[in-house]
Structures are given as C-alpha cells and as structure tokens.
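Student: My structure is below; once you've seen it, I'll send some questions.
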Amino acid sequence: MLILTMLVSVGSFAKVEIDGLYYELDDKTKEASVAPKQGGNYHSPIITIPSTVTYEGTTYKVTSIGALAFYGCHDITAITIPESVTSIEDGAFHYCTNLTAVTIPKSVKEIGDYVFYESGIESITIPKSVKNIGKGIFNGCDNLGSIIVESGNSVYDSRDNSNAIIKTATNTMIAGCKNTIIPNSVTNIDQYTFQYCRTLTSISIPNSITKIPDHAFGACWALKSVTISNSVKEIEDGAFDCCYALTSINIPESVTNIERGTFYNCKSLKSITIPNSVTSIKETTFSMCTALESVTIGNSVKSIKGGAFAYCSSLKSIIIPNSVTTIGMQVFEDCSNLKSITLGSSLKDIDSWAFKNCNALTSITILATTPPRIEGGSFPIYGTLHVLPGCKAAYEEHFEWKKFNIVEDATTGIFNINAETAKKDGKYLVDGKIVIVKNGKTYQANGASNK
C-alpha cells in the first residue's frame with residue numbers, strides 16, 4: 001500500500017515520506033531528492049530507490065540523493081540507485097558502516113564531498129558520465145581496496161591500475177585507498193586525498209611530485225613506510241599528522257619547507273633528521289610525538305616555532321645548532337624526560353614557557369657569548385648553566401640567567417673569543433687560528449705551546 005506523509009512545505013518545495021523513504025519535492029521542476037529520515041535513521045538492510053515517486057497525483061522524477069540522506073544508517077548493507085539520479089550530494093552515505101558495495105549508475109554526473117566517508121564499501125567504479133567529484137569521498141573507508149574509473153571518462157581516470165581517482169587534465173590524484181599506487185605521471189596530490197585511510201601501510205611519493213599538501217596522509221593510522229622522492233620541496237600542514245605506526249621517515253635535502261603540525265601526534269616516531277635545506281621548524285611540527293628519542297636539526301634552521309616539540313616525553317637530550325636564533329613559545333613544553341640541551345652560538349631569543357614542565361632539565365650548555373633574551377618562566381627549574389670561558393659575568397648580570405648555577409666549562413666547538421684575555425680552558429679562534437687554553441696556558445691546534 002502506498003504511504004504518503006506530508007512533513008514540510010516551503011514555497012515550491014515539500015518534504016514528504018513515500019513508501020518508507022523521505023523526499024524533497026520540487027513542484028516547479030517535478031524532481032525529487034532523497035532526504036534524511038525525519039527524526040532518525042533508515043533501518044532497512046536493503047534500500048531500493050525508485051526512479052519516480054507520485055504525490056497527490058503528481059509524478060516526480062528522482063534525480064538526486066540529497067546531502068546526508070543516509071547518514072549513520074548502520075543497518076544498510078545494499079542500496080539500488082536508479083538511472084534517473086544525476087547527483088549524489090555531500091555525505092549521502094556518510095557512516096554507513098555496513099554498506100559494502102554501491103553501483104553508481106551511468107546517469108550520475110556529480111558526486112559531492114565526503115559521500116562515502118566512514119562507509120564499509122570494498123570496491124567502487126566511477127562511470128564515465130561523472131564530471132565532478134568532491135573532496136574526501138573515500139576518507140575513512142578502511143575496507144576499500146579497488147577504485148576504477150570507467151574508460152572513456154573525459155575528466156577522471158585510474159591509470160596504471162593505481163586504485164585511485166586522478167583528474168586527467170592536471171594529473172592530480174584526488175582520492176585513494178589502501179591499495180593505491182601513485183604513478184610517475186601524477187604531478188599533484190590533492191588535500192585530504194588519503195586522510196583517515198587507516199589501512200594504508202606504505203606509500204611511495206614519485207619523482208613527479210613537488211609538494212605533499214595539507215593533511216594528505218593525516219590519520220593514516222597503519223602507515224609504517226613512507227618514501228619521499230628528491231623532487232619534493234614542500235610538506236604542508238598536517239601532511240602526516242596522527243600516523244600512529246610511523247617509526248621513522250627520511251626527509252630529503254630537496255625539502256625546503258615543512259609546515260606546522262606535519263608530524264603531529266605520530267606517537268611511534270622515534271627519530272627524525274631535519275635536512276640542511278630547511279630554515280624553520282614550524283608550530284607543533286613534532287608535538288605529541290611521545291616516542292621521539294633522537295632529533296638532528298640541520299645547520300640552516302634559524303627558528304623553532306611554538307610547540308614544535310611539545311609533549312615529546314621520550315626526548316632526553318637535544319642539540320640546537322648554531323644557526324638557530326629564536327626558540328618560540330612552549331617549544332619543549334612537557335618534554336618530561338629532557339635532561340640536557342645545548343643551545344647554539346647564534347641564539348638571540350627564548351620565548352615564554354619554552355621549557356614549561358621540563359622538570360628533569362638540569363643541564364644547559366649555551367654557546368652564545370651574549371646572553372639571549374629570555375622570558376620569565378621559560379625554565380621551570382634552574383640547574384647548571386654551562387657557558388663559555390669568559391662569559392660567566394655577562395650571564396650573572398642577566399635577571400633570569402643569573403638564577404642558574406653558572407659554570408665556565410663549555411668547550412664544545414670553536415669560539416671567536418679573545419683567548420689572551422679569557423685565560424679559561426677551551427678552544428678559541430684568534431687571528432684566524434685555533435688556540436687551545438688549558439690550565440692557564442695557550443696551545444696551537446697542533447699541540448705546540450705558545451707560553
């Protein structure tokens with residue numbers, strides 16, 4: 001028996017229930033769009049959408065599956081879409097966790113954003129009729145292993161058995177899955193392409209790619225192996241954030257820019273080397289990397305910005321190279337096991353709470369001859385401060401540095417200080433030559449005594 005229920009009527013649109021499905025009806029075009037169920041979800045395991053519906057004697061053609069039409073309908077296992085449908089709108093099958101297969105009819109021209117987000121689909125074929133696909137359509141589809149674009153599609157392809165959707169004109173990959181391979185012909189990866197692809201375990205970025213965009217691999221929880229080619233110059237915001245299984249990654253010297261939050265909450269990451277090509281470590285880049293033990297910072301880095309290494313609780317020591325001039329706010333906040341740090345000779349500024357809650361930090365070696373500007377509260381405790389020979393007085397005059405136990409025994413490296421006046425143990429550069437001071441005597445680098 002045909003069941004008709006009038007729910008809402010606004011102008012030429014009406015929302016009605018017909019045979020258990022809800023529709024928005026357009027009285028002008030005589031078209032219908034499948035709508036979310038009023039006050040709940042559809043619970044039938046099998047859904048069949050008709051090509052037409054009739055309401056109060058008027059027949060409407062079903063041309064669209066509306067935004068969030070089947071959102072959260074966990075009971076649906078199969079759905080039939082008629083050839084009358086031309087568009088599937090944003091989030092239409094979002095969170096349909098038991099929906100394993102959908103056949104998209106050849107009439108469909110548009111697929112909106114996040115259409116299959118967090119659904120259970122295992123394979124999908126995009127027909128050649130589709131001309132527009134939104135972002136993140138397969139995000140969170142852990143079971144998806146096969147993506148095919150029908151031959152003859154003028155806008156998209158899935159070349160070289162890539163198991164992906166590629167925008168043909170720009171060679172841009174816009175959607176992938178756990179079995180995706182990025183072909184060498186692809187020159188761009190779109191934002192969010194693999195986000196929440198939680199069953200992706202490895203990926204290789206080919207030489208054709210120059211940029212890894214925002215959140216491209218964000219929350220790929222099982223991602224263990226990443227190969228980045230020497231063509232990549234930029235890694236953008238959150239590109240690998242929340243990749244929980246990632247233990248190490250090689251950043252090539254070609255990379256000049258790593259944006260904020262790139263490796264945020266990669267909680268298995270144990271070691272990282274910032275190449276000499278990078279000039280800044282941005283905000284929260286390695287924040288929450290709780291397993292991070294080894295950090296090597298390249299000699300071109302000039303600034304380390306807010307929260308870059310915050311909550312890296314396994315980090316015990318770190319050397320800040322001589323190139324760094326600024327350490328930003330809360331850079332090492334809650335690095336609870338950080339015991340020692342070496343601060344380079346060019347350091348000028350340490351911002352507020354840079355070492356907040358670093359309660360194990362008892363040894364600081366600083367190679368700057370002039371005390372850097374430091375905000376109150378940057379250090380939670382005042383342990384031993386190791387400075388260069390001849391620099392103790394300057395640090396004792398500083399309102400914050402004077403709180404440390406200052407010792408003139410920093411001897412790592414070669415420093416441009418007048419050894420004749422310093423008379424303190426260490427290595428110095430005098431008139432372009434290396435001079436060693438030991439027990440009040442000066443020596444040339446070859447060991448010959450000057451006095």
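How things are named: the first chain in the structure tokens is A, the next is B, and so on; residues count from 1 in each chain; ligands count from 1 in the order shown.
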If we count only C-alpha atoms, what is near Gly91 of chain A at a cut-off of 9 Å, once residues fewer than 3 positions away on the same chain are taken out, given as a list in words?
Tutor: Gly66, Ala67, Leu68, Ala69, Phe70, Tyr71, Ile88, His94, Tyr95, Gly112, Asp113, Tyr114, Val115, Phe116, Tyr117 and Ile137 of chain A
Student: Write to file, as a compact mmCIF listing (two decimals), in the first residue's frame, the residues of the selection just made, with N, CA, C and O atoms.
Tutor:
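What follows is the written file selection.txt:
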# COMPACT_ATOMS: atom_id res chain seq x y z
N GLY A 66 20.10 13.36 -1.71
CA GLY A 66 20.44 14.60 -1.02
C GLY A 66 21.54 14.48 0.01
O GLY A 66 21.96 13.38 0.41
N ALA A 67 22.01 15.62 0.47
CA ALA A 67 23.08 15.68 1.47
C ALA A 67 22.67 14.92 2.74
O ALA A 67 21.57 15.12 3.26
N LEU A 68 23.55 14.03 3.19
CA LEU A 68 23.37 13.26 4.43
C LEU A 68 22.12 12.40 4.41
O LEU A 68 21.58 12.05 5.47
N ALA A 69 21.66 12.03 3.21
CA ALA A 69 20.40 11.30 3.09
C ALA A 69 20.39 10.02 3.92
O ALA A 69 19.40 9.69 4.55
N PHE A 70 21.51 9.30 3.91
CA PHE A 70 21.57 8.03 4.65
C PHE A 70 22.64 8.07 5.74
O PHE A 70 23.18 7.03 6.14
N TYR A 71 22.93 9.25 6.23
CA TYR A 71 23.96 9.42 7.25
C TYR A 71 23.69 8.53 8.48
O TYR A 71 22.60 8.52 9.02
N ILE A 88 24.82 12.79 -6.51
CA ILE A 88 24.86 12.24 -5.16
C ILE A 88 25.53 13.31 -4.32
O ILE A 88 26.71 13.63 -4.52
N HIS A 94 27.52 8.83 4.33
CA HIS A 94 28.44 9.01 5.44
C HIS A 94 28.06 8.10 6.61
O HIS A 94 26.95 8.11 7.08
N TYR A 95 29.05 7.33 7.05
CA TYR A 95 28.90 6.47 8.23
C TYR A 95 27.92 5.33 8.02
O TYR A 95 27.32 4.82 8.98
N GLY A 112 29.33 14.55 -4.54
CA GLY A 112 29.72 15.62 -3.63
C GLY A 112 30.83 15.25 -2.68
O GLY A 112 31.46 14.19 -2.76
N ASP A 113 31.09 16.13 -1.72
CA ASP A 113 32.13 15.94 -0.72
C ASP A 113 31.76 14.82 0.26
O ASP A 113 30.59 14.70 0.67
N TYR A 114 32.75 14.04 0.64
CA TYR A 114 32.63 13.04 1.72
C TYR A 114 31.43 12.11 1.55
O TYR A 114 30.83 11.66 2.53
N VAL A 115 31.11 11.76 0.34
CA VAL A 115 29.90 10.96 0.07
C VAL A 115 29.96 9.61 0.76
O VAL A 115 28.96 9.16 1.34
N PHE A 116 31.11 8.93 0.73
CA PHE A 116 31.22 7.58 1.32
C PHE A 116 32.03 7.58 2.61
O PHE A 116 32.50 6.54 3.05
N TYR A 117 32.19 8.74 3.21
CA TYR A 117 33.03 8.89 4.40
C TYR A 117 32.63 7.88 5.48
O TYR A 117 31.48 7.77 5.86
N ILE A 137 35.96 11.85 -0.66
CA ILE A 137 34.80 10.96 -0.83
C ILE A 137 35.02 9.58 -0.23
O ILE A 137 34.06 8.90 0.12
Student: What residues in segment 14-244 of chain A get the DSSP label strand (DSSP E)? Please answer as an MDAnalysis selection string.
Tutor: chainID A and resid 14:18 21:26 31:35 46:48 52:55 58:65 78:80 87:88 101:102 110:111 123:126 132:133 146:149 156:157 165:167 172:175 188:189 202:205 211:212 225:228 234:235
Student: Export C-alpha atoms of the chosen residues as a CSV table (one decimal), in the first residue's frame?
Tutor:
chain,number,residue,atom,x,y,z
A,14,ALA,CA,7.8,19.9,0.0
A,15,LYS,CA,9.4,17.2,2.2
A,16,VAL,CA,7.3,14.0,2.3
A,17,GLU,CA,7.5,10.4,3.2
A,18,ILE,CA,6.6,7.9,0.4
A,21,LEU,CA,11.7,6.9,2.1
A,22,TYR,CA,11.8,10.7,2.6
A,23,TYR,CA,12.0,13.1,-0.4
A,24,GLU,CA,12.2,16.8,-1.0
A,25,LEU,CA,9.9,17.6,-3.9
A,26,ASP,CA,10.2,20.5,-6.3
A,31,GLU,CA,12.0,16.5,-9.5
A,32,ALA,CA,12.6,14.6,-6.2
A,33,SER,CA,15.7,14.3,-4.0
A,34,VAL,CA,16.1,11.5,-1.4
A,35,ALA,CA,16.2,13.2,2.0
A,46,ILE,CA,18.3,-3.2,1.7
A,47,ILE,CA,17.2,0.1,0.1
A,48,THR,CA,15.7,0.4,-3.3
A,52,THR,CA,9.9,8.2,-9.9
A,53,VAL,CA,7.5,8.9,-7.0
A,54,THR,CA,4.0,10.1,-7.0
A,55,TYR,CA,2.5,12.5,-4.5
A,58,THR,CA,1.8,14.4,-9.4
A,59,THR,CA,4.7,12.3,-10.6
A,60,TYR,CA,8.2,13.4,-9.7
A,61,LYS,CA,11.5,12.1,-11.2
A,62,VAL,CA,14.1,11.1,-8.6
A,63,THR,CA,17.2,12.9,-9.7
A,64,SER,CA,19.3,13.3,-6.6
A,65,ILE,CA,20.4,11.6,-3.4
A,78,ALA,CA,22.9,-2.8,-0.1
A,79,ILE,CA,21.3,0.1,-2.0
A,80,THR,CA,19.9,0.3,-5.5
A,87,SER,CA,23.8,13.8,-8.5
A,88,ILE,CA,24.9,12.2,-5.2
A,101,ALA,CA,29.0,-2.2,-2.3
A,102,VAL,CA,27.3,0.5,-4.3
A,110,GLU,CA,28.2,14.8,-9.8
A,111,ILE,CA,29.4,13.2,-6.6
A,123,SER,CA,35.1,-1.6,-4.2
A,124,ILE,CA,33.8,1.2,-6.4
A,125,THR,CA,33.5,2.0,-10.1
A,126,ILE,CA,33.1,5.6,-11.2
A,132,ASN,CA,32.6,16.5,-10.9
A,133,ILE,CA,33.8,14.7,-7.7
A,146,SER,CA,39.6,-1.3,-5.5
A,147,ILE,CA,38.9,2.0,-7.3
A,148,ILE,CA,38.2,2.0,-11.0
A,149,VAL,CA,37.2,4.9,-13.3
A,156,TYR,CA,38.9,11.5,-14.4
A,157,ASP,CA,40.9,8.3,-14.8
A,165,ILE,CA,40.9,8.7,-8.9
A,166,ILE,CA,43.1,11.1,-11.0
A,167,LYS,CA,42.0,14.3,-12.5
A,172,THR,CA,46.1,15.4,-9.8
A,173,MET,CA,45.3,12.4,-7.6
A,174,ILE,CA,42.1,13.3,-5.6
A,175,ALA,CA,41.1,10.0,-4.0
A,188,ASN,CA,49.9,16.6,-7.8
A,189,ILE,CA,48.2,15.1,-4.8
A,202,SER,CA,53.0,2.1,2.8
A,203,ILE,CA,53.3,4.8,0.1
A,204,SER,CA,55.9,6.0,-2.2
A,205,ILE,CA,55.9,9.6,-3.5
A,211,LYS,CA,54.5,19.1,-2.8
A,212,ILE,CA,52.7,16.9,-0.2
A,225,SER,CA,56.6,3.1,5.4
A,226,VAL,CA,56.9,6.4,3.5
A,227,THR,CA,59.3,7.0,0.7
A,228,ILE,CA,59.7,10.7,-0.3
A,234,GLU,CA,57.2,21.3,0.4
A,235,ILE,CA,55.4,19.3,3.1
Student: Counting only C-alpha atoms, what is within 9 Å of segment 263-265 of chain A, bar same-chain residues fewer than 4 positions away, as a short mmCIF file (atom, residue, chain, number, x, y, z; two decimals) with N, CA, C and O atoms, in the first residue's frame?
Tutor:
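selection-v5.cif, written as the output of this step:
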data_model
loop_
_atom_site.label_atom_id
_atom_site.label_comp_id
_atom_site.auth_asym_id
_atom_site.auth_seq_id
_atom_site.Cartn_x
_atom_site.Cartn_y
_atom_site.Cartn_z
N GLY A 218 46.96 12.45 6.62
CA GLY A 218 46.58 12.61 8.00
C GLY A 218 45.76 11.44 8.51
O GLY A 218 44.88 10.93 7.81
N ASP A 237 50.78 21.63 5.94
CA ASP A 237 50.14 21.47 7.25
C ASP A 237 49.57 20.07 7.45
O ASP A 237 48.75 19.59 6.67
N GLY A 238 50.00 19.43 8.54
CA GLY A 238 49.39 18.17 8.95
C GLY A 238 49.47 17.06 7.94
O GLY A 238 48.66 16.13 7.99
N ALA A 239 50.45 17.10 7.04
CA ALA A 239 50.50 16.11 5.96
C ALA A 239 50.53 14.68 6.47
O ALA A 239 49.95 13.78 5.86
N PHE A 240 51.21 14.46 7.61
CA PHE A 240 51.30 13.11 8.19
C PHE A 240 50.84 13.09 9.64
O PHE A 240 51.25 12.22 10.41
N ASP A 241 50.00 14.01 10.03
CA ASP A 241 49.58 14.04 11.44
C ASP A 241 48.79 12.79 11.81
O ASP A 241 48.05 12.24 11.01
N CYS A 242 49.01 12.32 13.02
CA CYS A 242 48.30 11.15 13.56
C CYS A 242 48.55 9.87 12.76
O CYS A 242 47.68 9.00 12.68
N CYS A 243 49.75 9.75 12.18
CA CYS A 243 50.16 8.49 11.57
C CYS A 243 50.82 7.67 12.68
O CYS A 243 52.05 7.68 12.86
N TYR A 244 50.01 6.95 13.41
CA TYR A 244 50.44 6.34 14.67
C TYR A 244 51.51 5.27 14.51
O TYR A 244 52.28 5.03 15.45
N LEU A 269 56.89 7.59 16.22
CA LEU A 269 58.08 8.15 15.57
C LEU A 269 59.22 8.25 16.57
O LEU A 269 59.12 8.94 17.59
N THR A 284 54.07 23.20 16.24
CA THR A 284 53.55 21.86 16.54
C THR A 284 54.00 20.78 15.56
O THR A 284 53.37 19.72 15.47
N THR A 285 55.09 21.02 14.83
CA THR A 285 55.51 20.05 13.81
C THR A 285 55.67 18.65 14.36
O THR A 285 55.24 17.67 13.74
N PHE A 286 56.29 18.51 15.54
CA PHE A 286 56.51 17.20 16.14
C PHE A 286 55.83 17.08 17.51
O PHE A 286 56.15 16.17 18.29
N SER A 287 54.90 17.95 17.78
CA SER A 287 54.19 17.90 19.05
C SER A 287 53.47 16.56 19.23
O SER A 287 52.94 16.00 18.26
N MET A 288 53.50 16.04 20.44
CA MET A 288 52.83 14.78 20.80
C MET A 288 53.50 13.55 20.19
O MET A 288 52.90 12.48 20.19
N CYS A 289 54.73 13.69 19.69
CA CYS A 289 55.47 12.51 19.23
C CYS A 289 56.13 11.89 20.47
O CYS A 289 57.32 12.12 20.74
N THR A 290 55.38 11.14 21.19
CA THR A 290 55.77 10.70 22.54
C THR A 290 56.89 9.67 22.54
O THR A 290 57.50 9.44 23.59
N ALA A 308 56.81 23.21 18.81
CA ALA A 308 57.35 22.31 17.79
C ALA A 308 57.64 20.92 18.33
O ALA A 308 57.40 19.91 17.64
#
Student: May I have the residues within 9 Å of Pro127 of chain A as a PDB file with all heavy atoms, in the first residue's frame, using only C-alpha atoms and disregarding those fewer than 6 positions away in the same chain?
Tutor:
ATOM      1  N   ILE A 104      27.115   2.812  -8.898  1.00  0.00           N
ATOM      2  CA  ILE A 104      26.739   4.170  -9.307  1.00  0.00           C
ATOM      3  C   ILE A 104      26.259   4.104 -10.747  1.00  0.00           C
ATOM      4  O   ILE A 104      27.015   3.691 -11.641  1.00  0.00           O
ATOM      5  CB  ILE A 104      27.938   5.132  -9.182  1.00  0.00           C
ATOM      6  CG1 ILE A 104      28.427   5.167  -7.730  1.00  0.00           C
ATOM      7  CG2 ILE A 104      27.563   6.524  -9.655  1.00  0.00           C
ATOM      8  CD1 ILE A 104      29.687   5.972  -7.536  1.00  0.00           C
ATOM      9  N   PRO A 105      25.025   4.483 -11.015  1.00  0.00           N
ATOM     10  CA  PRO A 105      24.500   4.368 -12.383  1.00  0.00           C
ATOM     11  C   PRO A 105      25.185   5.326 -13.358  1.00  0.00           C
ATOM     12  O   PRO A 105      25.782   6.326 -12.957  1.00  0.00           O
ATOM     13  CB  PRO A 105      23.023   4.715 -12.216  1.00  0.00           C
ATOM     14  CG  PRO A 105      22.949   5.523 -10.979  1.00  0.00           C
ATOM     15  CD  PRO A 105      24.022   5.015 -10.073  1.00  0.00           C
ATOM     16  N   LYS A 106      25.079   5.014 -14.637  1.00  0.00           N
ATOM     17  CA  LYS A 106      25.748   5.798 -15.675  1.00  0.00           C
ATOM     18  C   LYS A 106      25.096   7.151 -15.910  1.00  0.00           C
ATOM     19  O   LYS A 106      25.596   7.953 -16.717  1.00  0.00           O
ATOM     20  CB  LYS A 106      25.783   4.993 -16.966  1.00  0.00           C
ATOM     21  CG  LYS A 106      26.576   3.702 -16.865  1.00  0.00           C
ATOM     22  CD  LYS A 106      26.615   2.960 -18.183  1.00  0.00           C
ATOM     23  CE  LYS A 106      27.328   1.616 -18.055  1.00  0.00           C
ATOM     24  NZ  LYS A 106      28.738   1.762 -17.635  1.00  0.00           N
ATOM     25  N   SER A 107      24.029   7.424 -15.191  1.00  0.00           N
ATOM     26  CA  SER A 107      23.367   8.730 -15.302  1.00  0.00           C
ATOM     27  C   SER A 107      23.998   9.782 -14.386  1.00  0.00           C
ATOM     28  O   SER A 107      23.798  10.992 -14.587  1.00  0.00           O
ATOM     29  CB  SER A 107      21.884   8.581 -14.949  1.00  0.00           C
ATOM     30  OG  SER A 107      21.744   8.009 -13.651  1.00  0.00           O
ATOM     31  N   VAL A 108      24.771   9.361 -13.392  1.00  0.00           N
ATOM     32  CA  VAL A 108      25.300  10.280 -12.390  1.00  0.00           C
ATOM     33  C   VAL A 108      26.407  11.153 -12.979  1.00  0.00           C
ATOM     34  O   VAL A 108      27.356  10.664 -13.593  1.00  0.00           O
ATOM     35  CB  VAL A 108      25.828   9.508 -11.157  1.00  0.00           C
ATOM     36  CG1 VAL A 108      26.579  10.447 -10.211  1.00  0.00           C
ATOM     37  CG2 VAL A 108      24.668   8.834 -10.427  1.00  0.00           C
ATOM     38  N   LYS A 109      26.267  12.473 -12.758  1.00  0.00           N
ATOM     39  CA  LYS A 109      27.248  13.436 -13.264  1.00  0.00           C
ATOM     40  C   LYS A 109      28.073  14.064 -12.142  1.00  0.00           C
ATOM     41  O   LYS A 109      29.212  14.472 -12.370  1.00  0.00           O
ATOM     42  CB  LYS A 109      26.535  14.540 -14.047  1.00  0.00           C
ATOM     43  CG  LYS A 109      25.804  14.047 -15.298  1.00  0.00           C
ATOM     44  CD  LYS A 109      25.101  15.210 -16.000  1.00  0.00           C
ATOM     45  CE  LYS A 109      24.360  14.712 -17.237  1.00  0.00           C
ATOM     46  NZ  LYS A 109      23.656  15.830 -17.930  1.00  0.00           N
ATOM     47  N   ILE A 148      38.039   2.031  -9.552  1.00  0.00           N
ATOM     48  CA  ILE A 148      38.157   2.018 -11.018  1.00  0.00           C
ATOM     49  C   ILE A 148      37.343   3.164 -11.592  1.00  0.00           C
ATOM     50  O   ILE A 148      36.188   3.371 -11.202  1.00  0.00           O
ATOM     51  CB  ILE A 148      37.656   0.685 -11.604  1.00  0.00           C
ATOM     52  CG1 ILE A 148      38.522  -0.475 -11.104  1.00  0.00           C
ATOM     53  CG2 ILE A 148      37.660   0.729 -13.135  1.00  0.00           C
ATOM     54  CD1 ILE A 148      37.979  -1.846 -11.490  1.00  0.00           C
ATOM     55  N   VAL A 149      37.960   3.911 -12.498  1.00  0.00           N
ATOM     56  CA  VAL A 149      37.226   4.908 -13.269  1.00  0.00           C
ATOM     57  C   VAL A 149      36.983   4.314 -14.649  1.00  0.00           C
ATOM     58  O   VAL A 149      37.916   3.863 -15.322  1.00  0.00           O
ATOM     59  CB  VAL A 149      38.006   6.230 -13.386  1.00  0.00           C
ATOM     60  CG1 VAL A 149      37.235   7.230 -14.254  1.00  0.00           C
ATOM     61  CG2 VAL A 149      38.265   6.818 -12.002  1.00  0.00           C
ATOM     62  N   GLU A 150      35.732   4.292 -15.057  1.00  0.00           N
ATOM     63  CA  GLU A 150      35.366   3.683 -16.334  1.00  0.00           C
ATOM     64  C   GLU A 150      36.096   4.357 -17.491  1.00  0.00           C
ATOM     65  O   GLU A 150      36.229   5.580 -17.556  1.00  0.00           O
ATOM     66  CB  GLU A 150      33.851   3.780 -16.537  1.00  0.00           C
ATOM     67  CG  GLU A 150      33.357   3.057 -17.770  1.00  0.00           C
ATOM     68  CD  GLU A 150      31.858   3.204 -17.967  1.00  0.00           C
ATOM     69  OE1 GLU A 150      31.248   4.075 -17.312  1.00  0.00           O
ATOM     70  OE2 GLU A 150      31.305   2.460 -18.795  1.00  0.00           O
ATOM     71  N   SER A 151      36.578   3.548 -18.388  1.00  0.00           N
ATOM     72  CA  SER A 151      37.248   4.061 -19.579  1.00  0.00           C
ATOM     73  C   SER A 151      36.307   4.969 -20.373  1.00  0.00           C
ATOM     74  O   SER A 151      35.115   4.676 -20.509  1.00  0.00           O
ATOM     75  CB  SER A 151      37.706   2.892 -20.463  1.00  0.00           C
ATOM     76  OG  SER A 151      38.301   3.357 -21.637  1.00  0.00           O
ATOM     77  N   GLY A 152      36.830   6.062 -20.861  1.00  0.00           N
ATOM     78  CA  GLY A 152      36.009   6.999 -21.627  1.00  0.00           C
ATOM     79  C   GLY A 152      35.574   8.209 -20.837  1.00  0.00           C
ATOM     80  O   GLY A 152      34.999   9.144 -21.390  1.00  0.00           O
ATOM     81  N   ASN A 153      35.863   8.219 -19.503  1.00  0.00           N
ATOM     82  CA  ASN A 153      35.555   9.406 -18.701  1.00  0.00           C
ATOM     83  C   ASN A 153      36.487  10.528 -19.149  1.00  0.00           C
ATOM     84  O   ASN A 153      37.706  10.377 -19.169  1.00  0.00           O
ATOM     85  CB  ASN A 153      35.765   9.107 -17.218  1.00  0.00           C
ATOM     86  CG  ASN A 153      35.229  10.203 -16.318  1.00  0.00           C
ATOM     87  OD1 ASN A 153      35.616  11.354 -16.425  1.00  0.00           O
ATOM     88  ND2 ASN A 153      34.329   9.841 -15.414  1.00  0.00           N
TER      89      ASN A 153
END
Student: So which residues touch Val255 of chain A within 8 Å, counting only C-alpha atoms, skipping near sequence neighbours fewer than 4 positions away, as a VMD selection string?
Tutor: chain A and resid 230 232 to 235 251 275 277 to 278
Student: If you count only C-alpha atoms, which residues fall within 8 Å of Ser300 of chain A, apart from same-chain ones fewer than 2 positions away, as a PDB file with C-alpha atoms, in the first residue's frame?
Tutor:
ATOM      1  CA  ASN A 276      70.117  21.418   5.938  1.00  0.00           C
ATOM      2  CA  SER A 277      67.709  22.706   3.284  1.00  0.00           C
ATOM      3  CA  VAL A 278      65.072  23.600   5.899  1.00  0.00           C
ATOM      4  CA  THR A 279      65.250  27.040   7.549  1.00  0.00           C
ATOM      5  CA  GLY A 298      70.107  20.870  10.172  1.00  0.00           C
ATOM      6  CA  LYS A 302      67.051  29.675  12.074  1.00  0.00           C
ATOM      7  CA  SER A 323      72.192  28.674  13.050  1.00  0.00           C
ATOM      8  CA  VAL A 324      69.134  28.951  15.343  1.00  0.00           C
TER       9      VAL A 324
END
Student: Can you tell me how far atom CA of Leu343 of chain A sits from atom CA of Ile327 of chain A, in Å to one decimal?
Tutor: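 Separation between atom CA of Leu343 of chain A and atom CA of Ile327 of chain A: 9.8 Å.
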